[in-house]
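J.: Provided herewith: protein.txt, compact mmCIF, C-alpha atoms and all ligand atoms.
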```
# COMPACT_ATOMS: atom_id res chain seq x y z
CA MET A 16 42.64 73.33 7.26
CA SER A 17 41.77 73.87 10.91
CA GLY A 18 39.51 76.92 10.66
CA PHE A 19 35.84 77.36 9.88
CA PHE A 20 34.31 79.13 6.90
CA VAL A 21 30.73 80.43 7.11
CA VAL A 22 29.09 82.39 4.30
CA PHE A 23 25.92 84.52 4.28
CA GLU A 24 23.79 84.59 1.14
CA GLY A 25 20.42 86.00 0.16
CA GLY A 26 18.77 88.71 -1.89
CA ASP A 27 19.45 92.43 -1.57
CA GLY A 28 18.33 93.95 1.74
CA VAL A 29 17.67 90.79 3.77
CA GLY A 30 19.82 92.00 6.67
CA LYS A 31 23.10 90.17 6.09
CA THR A 32 25.29 92.95 7.48
CA THR A 33 23.41 93.15 10.78
CA GLN A 34 23.38 89.38 11.23
CA ILE A 35 27.07 89.09 10.38
CA ASP A 36 27.84 91.65 13.11
CA ARG A 37 25.73 89.73 15.61
CA LEU A 38 27.36 86.43 14.72
CA ALA A 39 30.85 87.91 15.04
CA THR A 40 30.01 89.12 18.55
CA HIS A 41 28.63 85.69 19.45
CA LEU A 42 31.66 83.84 18.08
CA ARG A 43 34.27 85.97 19.83
CA ALA A 44 33.45 83.71 22.78
CA ALA A 45 34.95 80.77 20.87
CA GLY A 46 38.43 82.17 21.50
CA ARG A 47 39.44 82.04 17.82
CA ASP A 48 40.42 84.80 15.45
CA ILE A 49 37.31 86.06 13.69
CA THR A 50 37.67 87.53 10.20
CA VAL A 51 34.63 89.36 8.84
CA THR A 52 34.85 89.93 5.12
CA ARG A 53 32.82 90.38 1.96
CA GLU A 54 32.68 89.89 -1.78
CA PRO A 55 33.10 91.93 -3.79
CA GLY A 56 35.61 94.20 -2.06
CA GLY A 57 37.24 92.22 0.76
CA THR A 58 40.80 93.21 -0.21
CA ALA A 59 42.50 96.39 -1.50
CA LEU A 60 42.43 95.02 -5.06
CA GLY A 61 38.85 93.92 -4.40
CA VAL A 62 37.84 97.49 -3.54
CA GLU A 63 39.11 98.58 -6.96
CA LEU A 64 37.33 95.69 -8.67
CA ARG A 65 34.15 96.54 -6.79
CA GLN A 66 34.35 100.10 -8.14
CA ALA A 67 34.71 98.68 -11.63
CA ILE A 68 31.73 96.35 -11.12
CA MET A 69 29.48 99.10 -9.72
CA HIS A 70 30.49 101.26 -12.68
CA GLY A 71 27.50 103.47 -13.51
CA ASP A 72 27.06 102.39 -17.12
CA HIS A 73 26.19 99.03 -18.57
CA VAL A 74 28.83 96.33 -18.03
CA ALA A 75 28.79 93.36 -20.43
CA PRO A 76 27.48 90.38 -18.39
CA ARG A 77 30.53 88.20 -19.09
CA ALA A 78 32.87 91.02 -18.10
CA GLU A 79 30.88 91.51 -14.91
CA ALA A 80 31.02 87.77 -14.11
CA LEU A 81 34.80 87.76 -14.61
CA LEU A 82 35.26 90.83 -12.39
CA TYR A 83 33.41 89.07 -9.56
CA ALA A 84 35.53 85.96 -10.19
CA ALA A 85 38.76 87.97 -10.17
CA ASP A 86 37.78 89.63 -6.89
CA ARG A 87 36.96 86.19 -5.48
CA ALA A 88 40.20 84.52 -6.64
CA HIS A 89 42.35 87.21 -5.02
CA HIS A 90 40.23 87.43 -1.88
CA ILE A 91 40.23 83.68 -1.21
CA ALA A 92 43.93 83.22 -1.97
CA THR A 93 45.26 86.18 -0.01
CA LYS A 94 42.82 86.62 2.87
CA VAL A 95 40.39 83.76 3.45
CA ARG A 96 42.63 80.70 2.98
CA PRO A 97 45.44 82.13 5.14
CA ALA A 98 42.95 82.94 7.92
CA LEU A 99 41.49 79.43 7.77
CA GLU A 100 44.92 77.83 7.68
CA ALA A 101 45.79 79.75 10.85
CA GLY A 102 42.75 78.17 12.55
CA GLY A 103 40.49 81.22 12.36
CA ILE A 104 36.77 81.57 11.76
CA VAL A 105 35.90 83.47 8.57
CA ILE A 106 32.44 85.05 8.29
CA GLN A 107 31.85 86.15 4.72
CA ASP A 108 29.15 88.27 3.09
CA ARG A 109 28.35 86.55 -0.27
CA TYR A 110 30.31 83.93 -2.20
CA ILE A 111 29.89 81.58 -5.18
CA ASP A 112 26.13 81.19 -4.78
CA SER A 113 25.72 84.93 -5.42
CA SER A 114 27.50 84.52 -8.75
CA VAL A 115 25.43 81.47 -9.65
CA VAL A 116 22.19 83.24 -8.75
CA TYR A 117 22.94 86.75 -10.05
CA GLN A 118 25.24 86.13 -13.03
CA GLY A 119 24.18 82.56 -13.86
CA GLY A 120 20.46 83.13 -13.27
CA ALA A 121 19.46 86.78 -13.45
CA ARG A 122 22.02 87.58 -16.17
CA GLY A 123 21.37 84.31 -17.99
CA LEU A 124 24.96 83.03 -18.09
CA GLY A 125 24.11 79.54 -16.79
CA ASP A 126 26.23 76.85 -15.18
CA GLU A 127 29.61 77.98 -16.45
CA VAL A 128 29.57 80.74 -13.87
CA GLU A 129 29.93 78.17 -11.11
CA ARG A 130 32.82 76.44 -12.88
CA ILE A 131 34.65 79.75 -13.23
CA SER A 132 34.23 80.51 -9.54
CA ARG A 133 35.32 77.03 -8.50
CA TRP A 134 38.42 77.40 -10.59
CA ALA A 135 39.02 80.86 -9.14
CA THR A 136 38.88 79.55 -5.58
CA GLU A 137 40.56 76.17 -6.15
CA ASP A 138 37.30 74.64 -4.96
CA LEU A 139 37.12 76.16 -1.51
CA VAL A 140 33.74 75.06 -0.12
CA PRO A 141 32.25 76.76 2.97
CA HIS A 142 31.54 74.59 6.02
CA LEU A 143 28.18 76.32 6.24
CA THR A 144 26.17 78.71 4.08
CA ILE A 145 23.41 80.65 5.80
CA VAL A 146 20.67 81.72 3.39
CA LEU A 147 18.72 84.62 4.87
CA ASP A 148 15.36 84.12 3.23
CA MET A 149 12.68 86.73 2.86
CA GLU A 150 10.02 87.68 0.35
CA PRO A 151 11.36 90.61 -1.69
CA ARG A 152 9.83 93.88 -0.51
CA ALA A 153 8.37 96.09 -3.23
CA GLU A 154 9.00 99.32 -1.30
CA ARG A 155 12.75 98.78 -1.58
CA LEU A 156 12.48 99.80 -5.20
CA ASP A 157 11.63 103.33 -4.04
CA ARG A 158 15.04 104.04 -2.58
CA GLU A 159 18.11 104.82 -4.62
CA LEU A 160 19.58 101.66 -6.09
CA ASP A 161 23.09 101.13 -7.43
CA ARG A 162 23.55 99.78 -10.96
CA VAL A 163 23.68 96.11 -9.95
CA GLU A 164 20.63 96.42 -7.68
CA ARG A 165 18.68 98.29 -10.38
CA GLU A 166 19.49 95.70 -13.03
CA THR A 167 18.59 92.75 -10.80
CA ALA A 168 15.60 94.24 -8.89
CA GLU A 169 13.01 92.72 -11.19
CA HIS A 170 14.55 89.26 -10.73
CA GLN A 171 14.38 89.24 -6.91
CA ALA A 172 11.61 86.64 -6.71
CA THR A 173 13.39 84.21 -9.07
CA MET A 174 16.69 84.77 -7.30
CA ARG A 175 15.07 83.96 -3.96
CA GLN A 176 13.95 80.62 -5.39
CA ALA A 177 17.41 80.01 -6.83
CA PHE A 178 19.07 80.46 -3.39
CA LEU A 179 16.50 78.08 -1.87
CA GLU A 180 17.18 75.52 -4.60
CA ARG A 181 20.93 75.67 -3.98
CA ALA A 182 20.29 75.11 -0.29
CA GLY A 183 17.92 72.23 -1.00
CA LEU A 184 20.58 70.44 -3.04
CA ASN A 185 22.94 70.24 -0.07
CA PRO A 186 21.04 70.54 3.22
CA ALA A 187 24.05 69.42 5.28
CA ARG A 188 26.04 72.49 4.22
CA TYR A 189 23.20 75.03 4.25
CA ALA A 190 20.87 76.59 6.79
CA VAL A 191 17.87 78.50 5.44
CA ILE A 192 16.73 81.04 8.00
CA ASP A 193 13.51 83.06 7.86
CA ALA A 194 14.77 86.64 7.83
CA ALA A 195 11.34 88.28 7.99
CA ARG A 196 11.42 88.39 11.80
CA THR A 197 13.04 90.54 14.47
CA ILE A 198 16.82 90.92 14.42
CA ASP A 199 17.04 89.03 17.73
CA GLU A 200 14.95 86.11 16.53
CA VAL A 201 17.01 85.73 13.37
CA ALA A 202 20.28 86.07 15.32
CA VAL A 203 19.31 83.26 17.70
CA ASP A 204 18.68 80.89 14.78
CA VAL A 205 21.89 81.92 13.01
CA ALA A 206 23.95 81.30 16.16
CA ALA A 207 22.31 77.90 16.69
CA ALA A 208 23.02 76.81 13.10
CA VAL A 209 26.63 77.97 13.27
CA ASP A 210 27.26 76.45 16.70
CA ALA A 211 25.96 73.09 15.48
CA ALA A 212 28.22 73.21 12.41
CA LEU A 213 31.22 74.25 14.54
CA VAL A 214 30.77 71.25 16.82
CA LYS A 215 31.15 69.01 13.76
CA VAL A 216 34.65 70.40 13.20
CA GLY A 217 35.51 70.23 16.89
CA ILE A 218 35.06 73.91 17.85
CA VAL A 219 32.80 74.57 20.83
CA VAL A 220 31.35 78.00 21.56
CA PRO A 221 30.65 78.49 25.28
CA PRO A 222 27.06 79.49 26.16
CA ALA A 223 26.25 83.04 25.07
CA ALA A 224 27.83 85.68 27.25
CA GLU A 225 26.87 88.71 25.19
CA GLY A 226 24.49 91.10 26.86
CA LEU A 227 25.64 90.08 30.34
CA GLU A 228 27.60 92.31 32.65
CA PRO A 229 31.25 91.23 32.86
CA TRP A 230 30.69 89.86 36.36
CA GLY A 231 27.77 87.68 35.22
CA THR A 232 24.06 87.76 35.89
CA PRO A 233 22.81 89.07 39.22
P1 LIG B 1 26.57 94.70 -1.70
O1 LIG B 1 26.67 96.12 -2.13
O2 LIG B 1 27.67 94.09 -0.94
O3 LIG B 1 25.21 94.63 -0.95
P2 LIG B 1 24.44 93.44 -0.31
O4 LIG B 1 25.28 92.20 -0.42
O5 LIG B 1 24.26 93.95 1.07
O6 LIG B 1 23.16 93.35 -1.08
O7 LIG B 1 26.18 93.76 -2.91
C1 LIG B 1 26.88 93.58 -3.95
C2 LIG B 1 25.96 93.32 -5.10
O8 LIG B 1 26.67 92.47 -5.99
C3 LIG B 1 24.65 92.62 -4.77
O9 LIG B 1 23.59 93.22 -5.47
C4 LIG B 1 24.86 91.23 -5.28
C5 LIG B 1 25.88 91.38 -6.34
N1 LIG B 1 26.78 90.22 -6.53
C6 LIG B 1 26.72 89.52 -7.72
O10 LIG B 1 25.94 89.85 -8.61
N2 LIG B 1 27.57 88.47 -7.92
C7 LIG B 1 28.48 88.07 -6.99
O11 LIG B 1 29.24 87.10 -7.20
C8 LIG B 1 28.52 88.80 -5.74
C9 LIG B 1 29.51 88.41 -4.70
C10 LIG B 1 27.66 89.87 -5.56
```
Just dump the structure as structure tokens.
Ligand code: TYD
T.:
Amino acid sequence: MSGFFVVFEGGDGVGKTTQIDRLATHLRAAGRDITVTREPGGTALGVELRQAIMHGDHVAPRAEALLYAADRAHHIATKVRPALEAGGIVIQDRYIDSSVVYQGGARGLGDEVERISRWATEDLVPHLTIVLDMEPRAERLDRELDRVERETAEHQATMRQAFLERAGLNPARYAVIDAARTIDEVAVDVAAAVDAALVKVGIVVPPAAEGLEPWGTP
């Protein structure tokens, strides 16, 4: 597989969407196709599964875990693997670690959740997982939360630790980045971590051109 697969993980509201946008802009300079995608909901079927998951009423934890796994199986097989096989760079919002932390940890389903996801994806492992790390903010509980956020809000502190533990187990494939800083500061660290991992697979991103006028600096 000649492409590069980078995943963003972290608790709710750590700024993944903004950082993914920034990284996509940065990586366009690498001259590869960039696919930005997410779980759940990165495909047409995934959008339907996402609706089912976010279903207003209680969803049995094992049913919920299997819906995430079904979304993931279809998403990886039909969108992510083909993009990687074509040599592209895939930037993905959430992957297996979210299932391990949310379903395995917060919902108490344990290690089997990881096995199910690995089976679902035929063991596709990201080249790099960026964990955006931040202390959960209490004021977030004031805004309107969807069902999943409501049911996991009280576990945010434990889930933060669980993401950090996953990263600690495999430091070569993870970068933990302090997300409690300005967007620019975080983006610089994300780009540096991704550029370093890209070099290892032989992809070089030219020095940042974003923010410059097309004719260069004065
Ligand atoms: P989403 O609405 O995409 O928001 P964000 O990622 O920006 O917080 O989040 C989807 C929710 O689903 C989020 O609360 C985490 C949860 N989730 C799981 O519980 N398990 C999973 O496997 C995935 C991918 C997400």
J.: Write out, as a tab-separated table, each residue of chain A that has an atom at most 9 Å from ligand LIG 1 (chain B), together with the closest pair of atoms and their distance in Å to one decimal, counting only C-alpha atoms and all ligand atoms, rows going by chain and rising number.
T.:
```
residue	atom	partner	partner_atom	distance
A:Glu24	CA	B:LIG1	O4	7.9
A:Gly25	CA	B:LIG1	O4	7.9
A:Gly26	CA	B:LIG1	O6	6.4
A:Asp27	CA	B:LIG1	O6	3.9
A:Gly28	CA	B:LIG1	O6	5.6
A:Val29	CA	B:LIG1	O6	7.8
A:Gly30	CA	B:LIG1	O5	7.4
A:Lys31	CA	B:LIG1	O5	6.4
A:Thr32	CA	B:LIG1	O5	6.6
A:Arg53	CA	B:LIG1	O2	7.0
A:Glu54	CA	B:LIG1	C9	4.6
A:Pro55	CA	B:LIG1	C9	5.1
A:Gly56	CA	B:LIG1	O2	8.0
A:Arg65	CA	B:LIG1	C1	8.3
A:Ile68	CA	B:LIG1	O8	8.2
A:Met69	CA	B:LIG1	O8	8.1
A:Glu79	CA	B:LIG1	O10	8.2
A:Ala80	CA	B:LIG1	N2	7.1
A:Leu82	CA	B:LIG1	O11	8.8
A:Tyr83	CA	B:LIG1	O11	5.2
A:Ala84	CA	B:LIG1	O11	7.1
A:Asp86	CA	B:LIG1	C9	8.6
A:Arg87	CA	B:LIG1	C9	7.8
A:Asp108	CA	B:LIG1	O4	6.5
A:Arg109	CA	B:LIG1	C9	4.9
A:Tyr110	CA	B:LIG1	C9	5.2
A:Ile111	CA	B:LIG1	O11	5.9
A:Asp112	CA	B:LIG1	O11	7.1
A:Ser113	CA	B:LIG1	C7	4.5
A:Ser114	CA	B:LIG1	O11	3.5
A:Val115	CA	B:LIG1	O11	7.2
A:Val116	CA	B:LIG1	N2	7.5
A:Tyr117	CA	B:LIG1	O10	4.5
A:Gln118	CA	B:LIG1	O10	5.8
A:Ala121	CA	B:LIG1	O10	8.7
A:Arg122	CA	B:LIG1	O10	8.8
A:Ser132	CA	B:LIG1	O11	8.6
A:Asp161	CA	B:LIG1	O1	8.1
A:Arg162	CA	B:LIG1	O9	8.6
A:Val163	CA	B:LIG1	O9	5.3
A:Glu164	CA	B:LIG1	O9	4.9
A:Arg165	CA	B:LIG1	O9	8.6
A:Glu166	CA	B:LIG1	O9	9.0
A:Thr167	CA	B:LIG1	O9	7.3
A:Ala168	CA	B:LIG1	O9	8.8
```
J.: Counting only C-alpha atoms, which of A:Val205, A:Leu184, A:Thr136, A:Arg96 gets nearest to A:Asp36?
T.: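 Looking at the shortest contact to A:Asp36, the residue is A:Val205.
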J.: Write out as a list of chain:residue names the residues lying within 7 Å of stretch 139-149 of chain A, counting all atoms listed in the file and excluding same-chain residues fewer than 5 positions away.
T.: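 Using all atoms listed in the file, the neighbours found are A:Phe19, A:Phe20, A:Val21, A:Val22, A:Phe23, A:Glu24, A:Gly25, A:Val29, A:Arg188, A:Tyr189, A:Ala190, A:Val191, A:Ile192, A:Asp193, A:Ala194, A:Ala195, A:Ala212.
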J.: Using all atoms listed in the file, which of A:Leu213, A:Val203, A:Glu180, A:Val128 sits nearest A:Arg37?
T.: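 For A:Arg37, the nearest of the candidates is A:Val203.
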J.: Separation of atom CA of A:Gln34 and atom CA of A:Gly46, in Å?
T.: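 Calculated distance between atom CA of A:Gln34 and atom CA of A:Gly46 is 19.6 Å.
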J.: Taking all atoms listed in the file into account, name the residue in A:Gly120, A:Ala88, A:Gly102, A:His41 that is nearest to A:Thr173.
T.: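 Selected residue with least distance to A:Thr173: A:Gly120.
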J.: Show which residues sit within 7 Å of A:His90, as a list in words. Count all atoms listed in the file, and ignore same-chain residues fewer than 5 positions away.
T.: Gly57, Thr58 and Val95 of chain A
J.: Atom CA of A:Arg130 and atom CA of A:Leu81 are how many Å apart?
T.: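 Interatomic distance here is 11.6 Å.
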J.: Could you write out as JSON the box around stretch 191-207 of chain A (axis-aligned, all atoms listed in the file, 8 Å on each side), with centre and edge lengths in Å to one decimal?
T.:
```
{"center_x": 17.6, "center_y": 84.4, "center_z": 11.6, "size_x": 28.6, "size_y": 29.0, "size_z": 28.3}
```
J.: Can you tell me how far atom CA of A:Gly18 sits from atom CA of A:Phe178, in Å to one decimal?
T.: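 Separating atom CA of A:Gly18 from atom CA of A:Phe178 is a distance of 25.1 Å.
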J.: Go through A:Val105, A:Ala207, A:Ile35, A:Leu160 and flag the residue nearest A:Pro221, using all atoms listed in the file for the distances.
T.: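 Ranked by minimum distance to A:Pro221, first place goes to A:Ala207.
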J.: Between A:Thr197, A:Thr33, A:Gln171, A:Ser17, which is the closest to A:Ile104 once you count all atoms listed in the file?
T.: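 Nearest candidate to A:Ile104 out of A:Thr197, A:Thr33, A:Gln171, A:Ser17: A:Ser17.
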J.: Would you kindly place all heavy atoms on stretch 98-109 of chain A and return the model as a PDB file, in the frame of the given file?
T.:
```pdb
ATOM      1  N   ALA A  98      43.637  82.858   6.623  1.00  0.00           N
ATOM      2  CA  ALA A  98      42.950  82.940   7.920  1.00  0.00           C
ATOM      3  C   ALA A  98      42.482  81.555   8.363  1.00  0.00           C
ATOM      4  O   ALA A  98      42.609  81.179   9.537  1.00  0.00           O
ATOM      5  CB  ALA A  98      41.768  83.907   7.841  1.00  0.00           C
ATOM      6  N   LEU A  99      41.963  80.777   7.424  1.00  0.00           N
ATOM      7  CA  LEU A  99      41.490  79.430   7.770  1.00  0.00           C
ATOM      8  C   LEU A  99      42.662  78.530   8.143  1.00  0.00           C
ATOM      9  O   LEU A  99      42.589  77.739   9.097  1.00  0.00           O
ATOM     10  CB  LEU A  99      40.711  78.819   6.600  1.00  0.00           C
ATOM     11  CG  LEU A  99      39.388  79.518   6.250  1.00  0.00           C
ATOM     12  CD1 LEU A  99      38.816  78.950   4.956  1.00  0.00           C
ATOM     13  CD2 LEU A  99      38.380  79.377   7.390  1.00  0.00           C
ATOM     14  N   GLU A 100      43.756  78.678   7.391  1.00  0.00           N
ATOM     15  CA  GLU A 100      44.920  77.830   7.680  1.00  0.00           C
ATOM     16  C   GLU A 100      45.506  78.141   9.051  1.00  0.00           C
ATOM     17  O   GLU A 100      46.080  77.276   9.701  1.00  0.00           O
ATOM     18  CB  GLU A 100      45.960  77.954   6.555  1.00  0.00           C
ATOM     19  CG  GLU A 100      45.637  76.960   5.444  1.00  0.00           C
ATOM     20  CD  GLU A 100      46.177  77.344   4.074  1.00  0.00           C
ATOM     21  OE1 GLU A 100      47.059  78.235   4.005  1.00  0.00           O
ATOM     22  OE2 GLU A 100      45.701  76.756   3.077  1.00  0.00           O
ATOM     23  N   ALA A 101      45.305  79.386   9.509  1.00  0.00           N
ATOM     24  CA  ALA A 101      45.790  79.750  10.850  1.00  0.00           C
ATOM     25  C   ALA A 101      44.787  79.344  11.935  1.00  0.00           C
ATOM     26  O   ALA A 101      44.960  79.677  13.109  1.00  0.00           O
ATOM     27  CB  ALA A 101      46.054  81.255  10.908  1.00  0.00           C
ATOM     28  N   GLY A 102      43.712  78.664  11.547  1.00  0.00           N
ATOM     29  CA  GLY A 102      42.750  78.170  12.550  1.00  0.00           C
ATOM     30  C   GLY A 102      41.616  79.139  12.852  1.00  0.00           C
ATOM     31  O   GLY A 102      40.850  78.927  13.792  1.00  0.00           O
ATOM     32  N   GLY A 103      41.500  80.206  12.077  1.00  0.00           N
ATOM     33  CA  GLY A 103      40.490  81.220  12.360  1.00  0.00           C
ATOM     34  C   GLY A 103      39.105  80.871  11.838  1.00  0.00           C
ATOM     35  O   GLY A 103      38.917  79.896  11.103  1.00  0.00           O
ATOM     36  N   ILE A 104      38.146  81.695  12.260  1.00  0.00           N
ATOM     37  CA  ILE A 104      36.770  81.570  11.760  1.00  0.00           C
ATOM     38  C   ILE A 104      36.550  82.735  10.796  1.00  0.00           C
ATOM     39  O   ILE A 104      36.776  83.896  11.155  1.00  0.00           O
ATOM     40  CB  ILE A 104      35.748  81.629  12.908  1.00  0.00           C
ATOM     41  CG1 ILE A 104      35.954  80.430  13.855  1.00  0.00           C
ATOM     42  CG2 ILE A 104      34.323  81.664  12.358  1.00  0.00           C
ATOM     43  CD1 ILE A 104      35.047  80.436  15.080  1.00  0.00           C
ATOM     44  N   VAL A 105      36.159  82.422   9.569  1.00  0.00           N
ATOM     45  CA  VAL A 105      35.900  83.470   8.570  1.00  0.00           C
ATOM     46  C   VAL A 105      34.393  83.565   8.351  1.00  0.00           C
ATOM     47  O   VAL A 105      33.734  82.564   8.046  1.00  0.00           O
ATOM     48  CB  VAL A 105      36.613  83.161   7.236  1.00  0.00           C
ATOM     49  CG1 VAL A 105      36.247  84.215   6.183  1.00  0.00           C
ATOM     50  CG2 VAL A 105      38.130  83.101   7.430  1.00  0.00           C
ATOM     51  N   ILE A 106      33.867  84.778   8.550  1.00  0.00           N
ATOM     52  CA  ILE A 106      32.440  85.050   8.290  1.00  0.00           C
ATOM     53  C   ILE A 106      32.394  85.936   7.053  1.00  0.00           C
ATOM     54  O   ILE A 106      32.927  87.053   7.067  1.00  0.00           O
ATOM     55  CB  ILE A 106      31.777  85.803   9.463  1.00  0.00           C
ATOM     56  CG1 ILE A 106      32.030  85.093  10.786  1.00  0.00           C
ATOM     57  CG2 ILE A 106      30.280  85.982   9.212  1.00  0.00           C
ATOM     58  CD1 ILE A 106      31.547  85.897  12.002  1.00  0.00           C
ATOM     59  N   GLN A 107      31.784  85.444   6.008  1.00  0.00           N
ATOM     60  CA  GLN A 107      31.850  86.150   4.720  1.00  0.00           C
ATOM     61  C   GLN A 107      30.468  86.508   4.178  1.00  0.00           C
ATOM     62  O   GLN A 107      29.561  85.688   4.169  1.00  0.00           O
ATOM     63  CB  GLN A 107      32.601  85.277   3.709  1.00  0.00           C
ATOM     64  CG  GLN A 107      32.769  85.960   2.372  1.00  0.00           C
ATOM     65  CD  GLN A 107      33.798  85.259   1.508  1.00  0.00           C
ATOM     66  OE1 GLN A 107      34.876  84.900   1.986  1.00  0.00           O
ATOM     67  NE2 GLN A 107      33.488  85.070   0.248  1.00  0.00           N
ATOM     68  N   ASP A 108      30.370  87.764   3.727  1.00  0.00           N
ATOM     69  CA  ASP A 108      29.150  88.270   3.090  1.00  0.00           C
ATOM     70  C   ASP A 108      29.227  87.964   1.603  1.00  0.00           C
ATOM     71  O   ASP A 108      30.036  88.566   0.904  1.00  0.00           O
ATOM     72  CB  ASP A 108      29.117  89.793   3.346  1.00  0.00           C
ATOM     73  CG  ASP A 108      27.799  90.435   2.964  1.00  0.00           C
ATOM     74  OD1 ASP A 108      27.006  89.809   2.231  1.00  0.00           O
ATOM     75  OD2 ASP A 108      27.580  91.581   3.400  1.00  0.00           O
ATOM     76  N   ARG A 109      28.471  86.995   1.129  1.00  0.00           N
ATOM     77  CA  ARG A 109      28.350  86.550  -0.270  1.00  0.00           C
ATOM     78  C   ARG A 109      29.568  85.765  -0.769  1.00  0.00           C
ATOM     79  O   ARG A 109      30.710  86.068  -0.429  1.00  0.00           O
ATOM     80  CB  ARG A 109      28.118  87.723  -1.227  1.00  0.00           C
ATOM     81  CG  ARG A 109      26.814  88.472  -0.968  1.00  0.00           C
ATOM     82  CD  ARG A 109      26.466  89.360  -2.161  1.00  0.00           C
ATOM     83  NE  ARG A 109      25.240  90.095  -1.947  1.00  0.00           N
ATOM     84  CZ  ARG A 109      24.028  89.578  -2.148  1.00  0.00           C
ATOM     85  NH1 ARG A 109      23.908  88.339  -2.565  1.00  0.00           N
ATOM     86  NH2 ARG A 109      22.956  90.301  -1.919  1.00  0.00           N
TER      87      ARG A 109
END
```
